[in-house]
$ cat data05.csv   # CSV, C-alpha atoms
chain,number,residue,atom,x,y,z
A,1027,MET,CA,92.0,75.7,109.0
A,1028,MET,CA,92.9,79.0,110.5
A,1029,ASP,CA,90.9,80.9,113.1
A,1030,ALA,CA,90.6,84.7,113.4
A,1031,VAL,CA,93.8,85.0,115.5
A,1032,ASP,CA,95.8,83.1,112.9
A,1033,MET,CA,94.5,85.3,110.1
A,1034,GLN,CA,95.4,88.5,112.1
A,1035,ILE,CA,98.9,87.2,112.7
A,1036,LEU,CA,99.4,86.5,109.0
A,1037,ARG,CA,98.2,89.9,108.0
A,1038,THR,CA,100.5,91.5,110.7
A,1039,LEU,CA,103.4,89.6,109.3
A,1040,GLN,CA,102.6,90.7,105.7
A,1041,CYS,CA,102.7,94.3,107.0
A,1042,ALA,CA,105.8,93.9,109.2
A,1043,PRO,CA,107.6,90.6,108.6
A,1044,ARG,CA,110.2,91.0,111.3
A,1045,ALA,CA,108.0,92.7,114.0
A,1046,PRO,CA,108.7,91.3,117.5
A,1047,PHE,CA,106.1,89.0,119.0
A,1048,ARG,CA,105.5,91.5,121.7
A,1049,LEU,CA,104.3,94.1,119.2
A,1050,ILE,CA,102.4,91.5,117.2
A,1051,GLY,CA,100.5,90.5,120.3
A,1052,GLU,CA,99.8,94.0,121.4
A,1053,VAL,CA,98.5,95.0,117.9
A,1054,ASN,CA,96.2,92.0,117.8
A,1055,GLY,CA,95.0,91.9,121.4
A,1056,VAL,CA,96.8,88.7,122.4
A,1057,SER,CA,99.7,87.9,124.6
A,1058,GLU,CA,103.3,87.8,123.3
A,1059,GLN,CA,103.3,84.0,124.1
A,1060,THR,CA,100.1,83.4,122.1
A,1061,ALA,CA,101.5,85.3,119.1
A,1062,ALA,CA,104.7,83.3,119.2
A,1063,ARG,CA,102.9,80.0,119.6
A,1064,ARG,CA,100.5,80.6,116.8
A,1065,TYR,CA,103.3,81.8,114.4
A,1066,HIS,CA,105.5,78.7,115.1
A,1067,ALA,CA,102.6,76.4,114.7
A,1068,LEU,CA,101.8,77.9,111.2
A,1069,ARG,CA,105.5,77.7,110.2
A,1070,ARG,CA,106.0,74.1,111.5
A,1071,SER,CA,102.9,72.9,109.6
A,1072,GLY,CA,104.4,74.2,106.3
A,1073,VAL,CA,101.5,76.6,105.7
A,1074,MET,CA,103.6,79.8,105.7
A,1075,ARG,CA,107.3,81.0,105.7
A,1076,VAL,CA,108.8,84.4,106.2
A,1077,VAL,CA,111.7,84.8,103.8
A,1078,GLY,CA,114.3,87.4,103.0
A,1079,LEU,CA,114.8,88.1,99.3
A,1080,VAL,CA,117.5,89.9,97.4
A,1081,ASP,CA,116.3,92.1,94.5
A,1082,PRO,CA,117.6,90.3,91.4
A,1083,ALA,CA,118.2,93.7,89.8
A,1084,VAL,CA,121.2,94.1,92.1
A,1085,HIS,CA,122.9,91.3,90.1
A,1086,GLY,CA,121.8,92.8,86.8
A,1087,GLU,CA,119.1,90.2,86.3
A,1088,ALA,CA,115.7,90.7,84.8
A,1089,ARG,CA,112.6,88.4,85.3
A,1090,TRP,CA,111.2,86.6,82.3
A,1091,VAL,CA,107.8,84.9,82.3
A,1092,ALA,CA,107.9,81.6,80.4
A,1093,ARG,CA,104.9,79.6,79.2
A,1094,ILE,CA,106.1,76.1,78.1
A,1095,ARG,CA,103.6,73.9,76.3
A,1096,CYS,CA,104.8,70.3,76.8
A,1097,ARG,CA,104.0,66.7,75.9
A,1098,PRO,CA,101.8,65.5,78.7
A,1099,ASP,CA,103.9,62.4,79.3
A,1100,ARG,CA,107.1,64.5,79.6
A,1101,VAL,CA,105.8,67.5,81.6
A,1102,GLY,CA,106.6,66.0,85.1
A,1103,PRO,CA,110.4,65.4,84.6
A,1104,LEU,CA,110.9,68.8,82.9
A,1105,ALA,CA,108.9,70.6,85.6
A,1106,ASP,CA,110.9,68.9,88.4
A,1107,ALA,CA,114.2,69.8,86.7
A,1108,LEU,CA,113.2,73.4,86.3
A,1109,THR,CA,112.1,73.6,89.9
A,1110,ARG,CA,115.5,72.6,91.2
A,1111,ARG,CA,117.3,75.4,89.3
A,1112,PRO,CA,118.2,78.4,91.5
A,1113,ASP,CA,117.4,80.8,88.6
A,1114,ILE,CA,113.7,79.7,88.6
A,1115,ALA,CA,111.8,81.9,91.0
A,1116,TYR,CA,108.3,80.5,90.5
A,1117,ALA,CA,107.0,77.4,88.8
A,1118,SER,CA,103.7,75.6,88.4
A,1119,ILE,CA,101.9,73.2,86.1
A,1120,ALA,CA,98.8,74.5,84.5
A,1121,SER,CA,96.2,73.9,81.7
A,1122,GLY,CA,95.4,70.3,82.6
A,1123,GLY,CA,99.0,69.3,83.0
A,1124,SER,CA,100.2,70.4,79.5
A,1125,GLU,CA,101.8,73.7,80.4
A,1126,ILE,CA,104.5,74.9,82.7
A,1127,ILE,CA,104.5,78.5,83.8
A,1128,CYS,CA,107.7,79.8,85.4
A,1129,VAL,CA,109.5,83.0,86.2
A,1130,ILE,CA,113.2,82.9,85.2
A,1131,ARG,CA,115.9,85.3,86.6
A,1132,SER,CA,118.3,86.0,83.7
A,1133,PRO,CA,120.1,89.1,82.3
A,1134,LEU,CA,118.5,91.1,79.6
A,1135,ASP,CA,121.4,89.9,77.3
A,1136,THR,CA,120.5,86.2,76.8
A,1137,GLN,CA,122.9,85.3,74.1
A,1138,ARG,CA,125.1,83.0,76.2
A,1139,GLU,CA,124.6,79.4,75.3
A,1140,ASP,CA,124.5,78.3,79.0
A,1141,MET,CA,121.5,80.5,79.7
A,1142,LEU,CA,118.3,78.6,80.4
A,1143,LEU,CA,116.4,80.8,77.9
A,1144,GLN,CA,118.6,79.3,75.2
A,1145,GLN,CA,118.4,75.7,76.4
A,1146,LEU,CA,114.7,75.3,76.8
A,1147,PRO,CA,113.8,74.8,73.1
A,1148,ARG,CA,116.2,71.9,72.9
A,1149,SER,CA,114.2,69.8,75.3
A,1150,ALA,CA,112.2,67.0,73.6
A,1151,ALA,CA,109.4,67.6,76.0
A,1152,VAL,CA,108.8,71.2,74.7
A,1153,LEU,CA,106.1,71.6,72.0
A,1154,ASP,CA,105.8,75.4,72.1
A,1155,LEU,CA,107.4,78.2,74.1
A,1156,SER,CA,106.7,81.8,74.7
A,1157,ILE,CA,108.9,84.0,76.9
A,1158,ASP,CA,108.0,87.6,77.8
A,1159,LEU,CA,109.9,90.1,79.9
A,1160,LEU,CA,108.3,91.2,83.2
A,1161,ILE,CA,108.6,94.9,82.7
A,1162,HIS,CA,107.1,96.3,85.9
A,1163,PRO,CA,105.5,94.7,89.0
A,1164,PHE,CA,102.5,96.6,90.2
A,1165,ASP,CA,102.8,95.4,93.8
A,1166,ALA,CA,106.0,97.1,95.2
A,1167,PRO,CA,108.3,95.2,97.6
A,1168,GLY,CA,107.0,95.4,101.2
A,1169,THR,CA,103.3,95.5,100.2
A,1170,PRO,CA,101.0,92.5,101.0
A,1171,GLY,CA,100.4,90.0,98.3
A,1172,TRP,CA,97.4,87.7,98.5
A,1173,THR,CA,95.1,88.6,101.4
A,1174,GLY,CA,91.9,86.8,100.4
A,1175,TYR,CA,92.0,84.6,103.4
A,1176,GLY,CA,90.6,87.4,105.6
A,1177,GLY,CA,91.7,89.4,108.6
A,1178,HIS,CA,92.1,93.2,108.4
A,1179,LEU,CA,94.4,95.8,110.0
A,1180,THR,CA,93.3,99.3,110.6
A,1181,PRO,CA,95.4,102.2,109.4
A,1182,GLU,CA,96.4,102.8,113.0
A,1183,GLN,CA,97.5,99.2,113.5
A,1184,GLU,CA,99.6,99.4,110.3
A,1185,GLU,CA,101.3,102.7,111.3
A,1186,ARG,CA,102.1,101.2,114.7
A,1187,LEU,CA,103.7,98.2,113.1
A,1188,THR,CA,105.7,100.1,110.4
A,1189,GLY,CA,106.2,103.5,111.9
A,1190,GLY,CA,104.6,105.1,108.8
A,1191,PRO,CA,105.7,105.0,105.1
A,1192,SER,CA,109.3,104.4,104.4
A,1193,PRO,CA,111.2,106.8,102.0
A,1194,ALA,CA,111.7,105.4,98.5
A,1195,PRO,CA,115.3,104.2,97.8
A,1196,ALA,CA,117.3,106.8,96.0
A,1197,GLY,CA,118.5,105.1,92.8
A,1198,PRO,CA,119.0,101.4,92.1
A,1199,PRO,CA,120.0,99.2,95.1
A,1200,PRO,CA,123.7,98.4,95.4
A,1201,PRO,CA,124.7,94.7,95.3
A,1202,PRO,CA,125.4,93.0,98.6
A,1203,ASP,CA,129.1,92.4,99.6
A,1204,ALA,CA,130.6,88.9,99.5
A,1205,GLU,CA,130.7,88.9,103.3
A,1206,ASP,CA,126.9,89.4,103.4
A,1207,ALA,CA,126.4,85.8,102.1
A,1208,PRO,CA,125.9,84.1,105.5
A,1209,LEU,CA,123.5,86.8,106.5
A,1210,LEU,CA,121.4,86.6,103.4
A,1211,ALA,CA,121.5,82.8,103.4
A,1212,ALA,CA,120.1,82.7,107.0
A,1213,LEU,CA,117.3,85.2,106.1
A,1214,ALA,CA,116.4,83.2,102.9
A,1215,GLU,CA,115.8,80.2,105.2
A,1216,ASP,CA,114.0,82.2,107.9
A,1217,GLY,CA,113.3,85.9,107.4
A,1218,ARG,CA,112.7,86.2,111.2
A,1219,THR,CA,116.1,84.9,112.2
A,1220,SER,CA,117.1,86.9,115.3
A,1221,HIS,CA,119.9,89.3,115.5
A,1222,THR,CA,121.6,87.0,118.0
A,1223,ARG,CA,121.5,84.1,115.5
A,1224,LEU,CA,122.6,86.3,112.6
A,1225,ALA,CA,125.5,87.4,114.7
A,1226,GLU,CA,126.5,83.8,115.3
A,1227,VAL,CA,126.4,82.8,111.6
A,1228,THR,CA,128.3,85.9,110.4
A,1229,GLY,CA,130.7,86.3,113.3
A,1230,TRP,CA,129.6,89.9,113.6
A,1231,SER,CA,128.4,91.8,116.7
A,1232,LYS,CA,124.6,92.3,117.0
A,1233,GLY,CA,125.1,96.0,116.5
A,1234,ARG,CA,126.9,95.4,113.2
A,1235,VAL,CA,124.1,93.0,112.1
A,1236,ALA,CA,121.5,95.6,112.9
A,1237,ARG,CA,123.3,98.3,111.0
A,1238,ARG,CA,123.9,96.1,107.9
A,1239,LEU,CA,120.2,95.0,107.9
A,1240,GLU,CA,119.2,98.6,108.0
A,1241,SER,CA,121.5,99.5,105.1
A,1242,LEU,CA,120.3,96.6,102.9
A,1243,GLU,CA,116.6,97.2,103.6
A,1244,SER,CA,116.7,100.9,103.2
A,1245,SER,CA,118.5,100.6,99.8
A,1246,GLY,CA,115.9,98.1,98.5
A,1247,ALA,CA,118.5,95.4,98.1
A,1248,LEU,CA,116.8,93.2,100.7
A,1249,SER,CA,113.1,92.8,101.3
A,1250,TYR,CA,110.9,90.3,103.0
A,1251,ASP,CA,108.0,88.2,101.7
A,1252,ILE,CA,105.4,85.8,103.2
A,1253,ASP,CA,105.1,82.5,101.2
A,1254,LEU,CA,101.7,81.0,101.8
A,1255,LEU,CA,100.0,77.8,100.7
A,1256,PRO,CA,96.4,78.8,99.9
A,1257,GLU,CA,95.3,75.2,99.4
A,1258,ARG,CA,96.0,74.5,103.1
A,1259,LEU,CA,93.7,77.5,103.9
A,1260,GLY,CA,90.8,76.3,101.9
A,1261,TYR,CA,91.5,78.2,98.7
A,1262,LEU,CA,91.8,75.5,96.0
A,1263,LEU,CA,91.7,77.4,92.7
A,1264,ASN,CA,94.7,79.3,91.5
A,1265,ALA,CA,94.7,80.9,88.0
A,1266,THR,CA,97.1,83.0,86.0
A,1267,LEU,CA,95.2,85.7,84.0
A,1268,TRP,CA,96.8,87.1,80.8
A,1269,LEU,CA,95.2,90.5,80.1
A,1270,ARG,CA,95.4,92.9,77.2
A,1271,VAL,CA,95.4,96.5,78.3
A,1272,ALA,CA,95.8,99.7,76.2
A,1273,PRO,CA,99.1,101.5,77.1
A,1274,ALA,CA,97.3,104.6,78.1
A,1275,ARG,CA,95.5,102.7,80.8
A,1276,LEU,CA,98.3,100.3,81.8
A,1277,GLU,CA,99.4,101.9,85.0
A,1278,ARG,CA,96.0,102.6,86.4
A,1279,THR,CA,94.5,99.3,85.5
A,1280,GLY,CA,97.5,97.3,86.8
A,1281,LEU,CA,97.5,99.1,90.1
A,1282,GLU,CA,93.7,98.6,90.5
A,1283,ILE,CA,94.0,94.8,89.8
A,1284,ALA,CA,97.0,94.5,92.1
A,1285,GLY,CA,94.9,95.9,94.9
A,1286,HIS,CA,92.3,93.1,94.7
A,1287,GLU,CA,92.5,90.8,97.7
A,1288,GLU,CA,92.2,87.8,95.4
A,1289,VAL,CA,95.3,88.8,93.5
A,1290,ALA,CA,98.7,87.5,94.7
A,1291,PHE,CA,100.7,89.3,92.0
A,1292,ALA,CA,100.2,91.6,89.1
A,1293,GLY,CA,102.8,92.9,86.6
A,1294,ALA,CA,103.2,94.4,83.2
A,1295,THR,CA,104.8,92.2,80.6
A,1296,SER,CA,105.9,92.3,77.0
A,1297,GLY,CA,103.8,90.4,74.5
A,1298,ASP,CA,100.2,90.5,73.2
A,1299,HIS,CA,98.7,90.1,76.6
A,1300,ASN,CA,100.6,92.7,78.5
A,1301,VAL,CA,99.4,92.2,82.1
A,1302,MET,CA,99.9,89.0,84.1
A,1303,ALA,CA,97.9,88.5,87.3
A,1304,ILE,CA,97.9,85.5,89.7
A,1305,VAL,CA,94.5,85.0,91.3
A,1306,THR,CA,93.6,82.8,94.2
A,1307,CYS,CA,90.0,81.8,94.9
A,1308,ARG,CA,88.1,79.1,96.9
A,1309,ASP,CA,86.6,77.3,94.0
A,1310,PRO,CA,85.3,77.7,90.4
A,1311,GLN,CA,82.2,79.6,91.5
A,1312,ASP,CA,84.3,82.0,93.5
A,1313,PHE,CA,86.6,82.5,90.5
A,1314,TYR,CA,83.6,83.2,88.3
A,1315,ARG,CA,82.3,85.8,90.7
A,1316,TYR,CA,85.7,87.5,90.6
A,1317,LEU,CA,85.8,87.6,86.8
A,1318,THR,CA,82.3,88.9,86.4
A,1319,THR,CA,82.3,91.4,89.2
A,1320,ARG,CA,85.6,92.9,90.4
A,1321,LEU,CA,87.6,92.2,87.2
A,1322,ALA,CA,84.7,93.1,85.0
A,1323,ALA,CA,84.5,96.5,86.7
A,1324,VAL,CA,88.1,97.4,85.9
A,1325,PRO,CA,88.3,99.7,82.8
A,1326,GLY,CA,90.9,99.1,80.1
A,1327,VAL,CA,90.9,95.3,79.8
A,1328,ASP,CA,90.2,94.5,76.2
A,1329,ALA,CA,90.8,90.7,76.3
A,1330,TYR,CA,91.9,88.0,78.6
A,1331,GLY,CA,93.1,84.4,78.8
A,1332,VAL,CA,93.2,82.0,81.7
A,1333,SER,CA,95.6,79.3,82.8
A,1334,ILE,CA,94.3,77.1,85.7
A,1335,ARG,CA,97.1,75.8,87.9
A,1336,VAL,CA,96.9,72.1,88.6
A,1337,ARG,CA,100.1,71.7,90.6
A,1338,ARG,CA,102.2,74.3,92.5
A,1339,LEU,CA,105.9,73.6,92.4
A,1340,LYS,CA,107.8,76.6,93.6
A,1341,GLN,CA,107.2,80.0,95.0
A,1342,ALA,CA,109.6,82.9,95.4
A,1343,ALA,CA,111.7,81.3,98.0
A,1344,SER,CA,110.1,78.0,98.8
A,1345,LEU,CA,109.6,74.6,97.3
A,1346,ILE,CA,106.3,72.7,97.7
A,1347,SER,CA,107.0,69.2,99.0
A,1348,HIS,CA,104.2,66.8,100.2
A,1349,GLY,CA,101.8,69.8,100.7
A,1350,ARG,CA,104.3,71.8,102.7
A,1351,LEU,CA,106.4,74.9,102.0
A,1352,VAL,CA,110.1,74.0,102.5
A,1353,HIS,CA,113.4,75.8,102.1
A,1354,PRO,CA,115.2,74.8,98.9
A,1355,VAL,CA,118.4,72.8,99.4
A,1356,PRO,CA,121.3,74.5,97.6
A,1357,GLY,CA,122.4,72.5,94.5
$ encode --input "data05.csv" --output "structure tokens"
Amino acid sequence: MMDAVDMQILRTLQCAPRAPFRLIGEVNGVSEQTAARRYHALRRSGVMRVVGLVDPAVHGEARWVARIRCRPDRVGPLADALTRRPDIAYASIASGGSEIICVIRSPLDTQREDMLLQQLPRSAAVLDLSIDLLIHPFDAPGTPGWTGYGGHLTPEQEERLTGGPSPAPAGPPPPPDAEDAPLLAALAEDGRTSHTRLAEVTGWSKGRVARRLESLESSGALSYDIDLLPERLGYLLNATLWLRVAPARLERTGLEIAGHEEVAFAGATSGDHNVMAIVTCRDPQDFYRYLTTRLAAVPGVDAYGVSIRVRRLKQAASLISHGRLVHPVPG
């Protein structure tokens, strides 16, 4: 279990994933050595990972939310096969072990026979399938996800870490170059990889590494995320909410829900239930409190459904293996 210092370090990393340990220590009132030691202990334990992510839009890919109702005796092999695919960004087993929920990266044009969206209905394990397009995420890149574990930063601390709000990218992000591959692969494994190490894997100078990172980050092509295992922090209930919201209230309602500390992600989707929210709570009583207080106070929600996760398989850039976050092995 984390103490107050660990929680503050996690919140600091969610605000500024590549902040130097010296600055992390100063902001949180601990030494640089303490900040580094606490971070490395959390990472070694598999509780958290800082990862660099390329926006799928730069490759012309959209994100699709799939709900796959399966034969209970066949759900395990299908879920494991999906998890190993690089075009699956998130996967979990829910609804008592009879449903797989996953996010698939795939172009809007899905007519090709080799696309996963075309292959899924052929599986003997699949009883029913619904696939909706993720139209708009309400939590923009660079904003914290789930923060329900505690710890808080003042506006002054946040400004010191980030230097203030960054200007929004002008237009869609350009795709990375082929020579960026070693740089991006290293950041996908560890988003805090030093400039010195990045220079070694790319063969570039540290100055060129710094300039290229600045270009990729400012364009929106590269962002950073913090993968967390809430179960290891005492938060044992994870649920996906499927909400129905009137179009006139969609933006306001989605942004308000995304701002709840219990919510790890919220986005607008196609389909009858047009808002998806991933909620993390300590236990059923905590989840009930969230439903009947914070969510109930949000105007515009006409109906809802719930899928309770029973097994977490994959997050944005991490596999879950033996209760630890690990870097996916290519292939």
$ closest_residue --input "data05.csv" --among "A:Val1289, A:Ile1252, A:Ala1272, A:Ala1284" --to "Arg1069 (chain A)" --atoms "all atoms listed in the file"
A:Ile1252
$ atom_distance --input "data05.csv" --atom1 "CA of Val1077 (chain A)" --atom2 "CA of Ala1212 (chain A)"
9.2 Å
$ atom_distance --input "data05.csv" --atom1 "CA of Leu1339 (chain A)" --atom2 "CA of Ala1105 (chain A)"
8.0 Å
$ atom_distance --input "data05.csv" --atom1 "CA of Leu1179 (chain A)" --atom2 "CA of Ser1057 (chain A)"
17.4 Å
$ closest_atom_pairs --input "data05.csv" --of "region 1031-1091 of chain A" --to "region 1203-1207 of chain A" --cutoff "12 Å" --atoms "all atoms listed in the file" --output "CSV"
residue,atom,partner,partner_atom,distance
A:Val1080,CA,A:Ala1207,CA,10.9
A:Val1084,CA,A:Asp1203,CA,11.0
A:His1085,CA,A:Asp1203,CA,11.4
$ closest_residue --input "data05.csv" --among "A:Pro1163, A:Arg1308, A:Thr1060, A:Leu1187" --to "Arg1258 (chain A)" --atoms "all atoms listed in the file"
A:Arg1308
$ residues_near_point --input "data05.csv" --point "(107.7, 92.0, 82.6)" --cutoff "10 Å" --atoms "all atoms listed in the file" --output "ChimeraX atom specification"
/A:1088-1091,1129,1157-1163,1292-1297,1300-1302
$ closest_residue --input "data05.csv" --among "A:Gly1176, A:Thr1319, A:Ile1126, A:Pro1195" --to "Ile1035 (chain A)" --atoms "all atoms listed in the file"
A:Gly1176
$ closest_residue --input "data05.csv" --among "A:Ala1274, A:Glu1185, A:Arg1110, A:Val1152" --to "Glu1125 (chain A)" --atoms "all atoms listed in the file"
A:Val1152
$ closest_residue --input "data05.csv" --among "A:Ala1151, A:Ala1115, A:Ala1214, A:Asp1081" --to "Val1101 (chain A)" --atoms "all atoms listed in the file"
A:Ala1151
$ build_atoms --input "data05.csv" --residues "region 1198-1208 of chain A" --atoms "all heavy atoms" --output "tab-separated table (two decimals), keeping the file's coordinate frame"
chain	number	residue	atom	x	y	z
A	1198	PRO	N	119.07	102.90	92.07
A	1198	PRO	CA	119.00	101.40	92.10
A	1198	PRO	C	119.79	100.90	93.33
A	1198	PRO	O	120.78	101.50	93.77
A	1198	PRO	CB	119.74	101.02	90.81
A	1198	PRO	CG	120.58	102.20	90.45
A	1198	PRO	CD	119.84	103.41	90.93
A	1199	PRO	N	119.35	99.76	93.88
A	1199	PRO	CA	120.00	99.20	95.10
A	1199	PRO	C	121.41	98.71	94.73
A	1199	PRO	O	121.61	98.10	93.67
A	1199	PRO	CB	119.10	98.08	95.51
A	1199	PRO	CG	118.35	97.70	94.27
A	1199	PRO	CD	118.19	98.95	93.48
A	1200	PRO	N	122.40	98.94	95.60
A	1200	PRO	CA	123.70	98.40	95.40
A	1200	PRO	C	123.78	96.91	95.66
A	1200	PRO	O	123.01	96.41	96.48
A	1200	PRO	CB	124.61	99.18	96.37
A	1200	PRO	CG	123.67	99.50	97.49
A	1200	PRO	CD	122.32	99.73	96.84
A	1201	PRO	N	124.66	96.16	94.98
A	1201	PRO	CA	124.70	94.70	95.30
A	1201	PRO	C	125.31	94.46	96.64
A	1201	PRO	O	126.16	95.22	97.13
A	1201	PRO	CB	125.69	94.22	94.16
A	1201	PRO	CG	126.48	95.42	93.75
A	1201	PRO	CD	125.58	96.59	93.92
A	1202	PRO	N	124.84	93.41	97.32
A	1202	PRO	CA	125.40	93.00	98.60
A	1202	PRO	C	126.90	92.68	98.46
A	1202	PRO	O	127.37	92.31	97.37
A	1202	PRO	CB	124.61	91.82	99.04
A	1202	PRO	CG	123.35	91.89	98.23
A	1202	PRO	CD	123.74	92.53	96.95
A	1203	ASP	N	127.65	92.78	99.56
A	1203	ASP	CA	129.10	92.40	99.60
A	1203	ASP	C	129.17	90.88	99.72
A	1203	ASP	O	128.23	90.20	100.15
A	1203	ASP	CB	129.79	93.07	100.73
A	1203	ASP	CG	129.73	94.59	100.63
A	1203	ASP	OD1	129.71	95.10	99.49
A	1203	ASP	OD2	129.70	95.25	101.68
A	1204	ALA	N	130.35	90.35	99.38
A	1204	ALA	CA	130.60	88.90	99.50
A	1204	ALA	C	130.43	88.48	100.97
A	1204	ALA	O	129.94	87.37	101.24
A	1204	ALA	CB	131.99	88.57	99.01
A	1205	GLU	N	130.80	89.32	101.90
A	1205	GLU	CA	130.70	88.90	103.30
A	1205	GLU	C	129.26	88.93	103.82
A	1205	GLU	O	128.99	88.48	104.93
A	1205	GLU	CB	131.55	89.88	104.18
A	1205	GLU	CG	131.13	91.33	104.11
A	1205	GLU	CD	132.05	92.23	104.93
A	1205	GLU	OE1	133.03	91.73	105.50
A	1205	GLU	OE2	131.77	93.43	104.98
A	1206	ASP	N	128.33	89.44	103.01
A	1206	ASP	CA	126.90	89.40	103.40
A	1206	ASP	C	126.31	87.99	103.15
A	1206	ASP	O	125.17	87.74	103.58
A	1206	ASP	CB	126.10	90.39	102.56
A	1206	ASP	CG	126.41	91.83	102.91
A	1206	ASP	OD1	126.64	92.10	104.09
A	1206	ASP	OD2	126.43	92.66	101.99
A	1207	ALA	N	127.02	87.10	102.46
A	1207	ALA	CA	126.40	85.80	102.10
A	1207	ALA	C	125.85	85.02	103.22
A	1207	ALA	O	124.72	84.53	103.12
A	1207	ALA	CB	127.48	84.99	101.31
A	1208	PRO	N	126.55	84.85	104.36
A	1208	PRO	CA	125.90	84.10	105.50
A	1208	PRO	C	124.69	84.76	106.01
A	1208	PRO	O	123.72	84.08	106.37
A	1208	PRO	CB	127.05	84.03	106.52
A	1208	PRO	CG	128.32	84.30	105.78
A	1208	PRO	CD	127.95	85.24	104.68
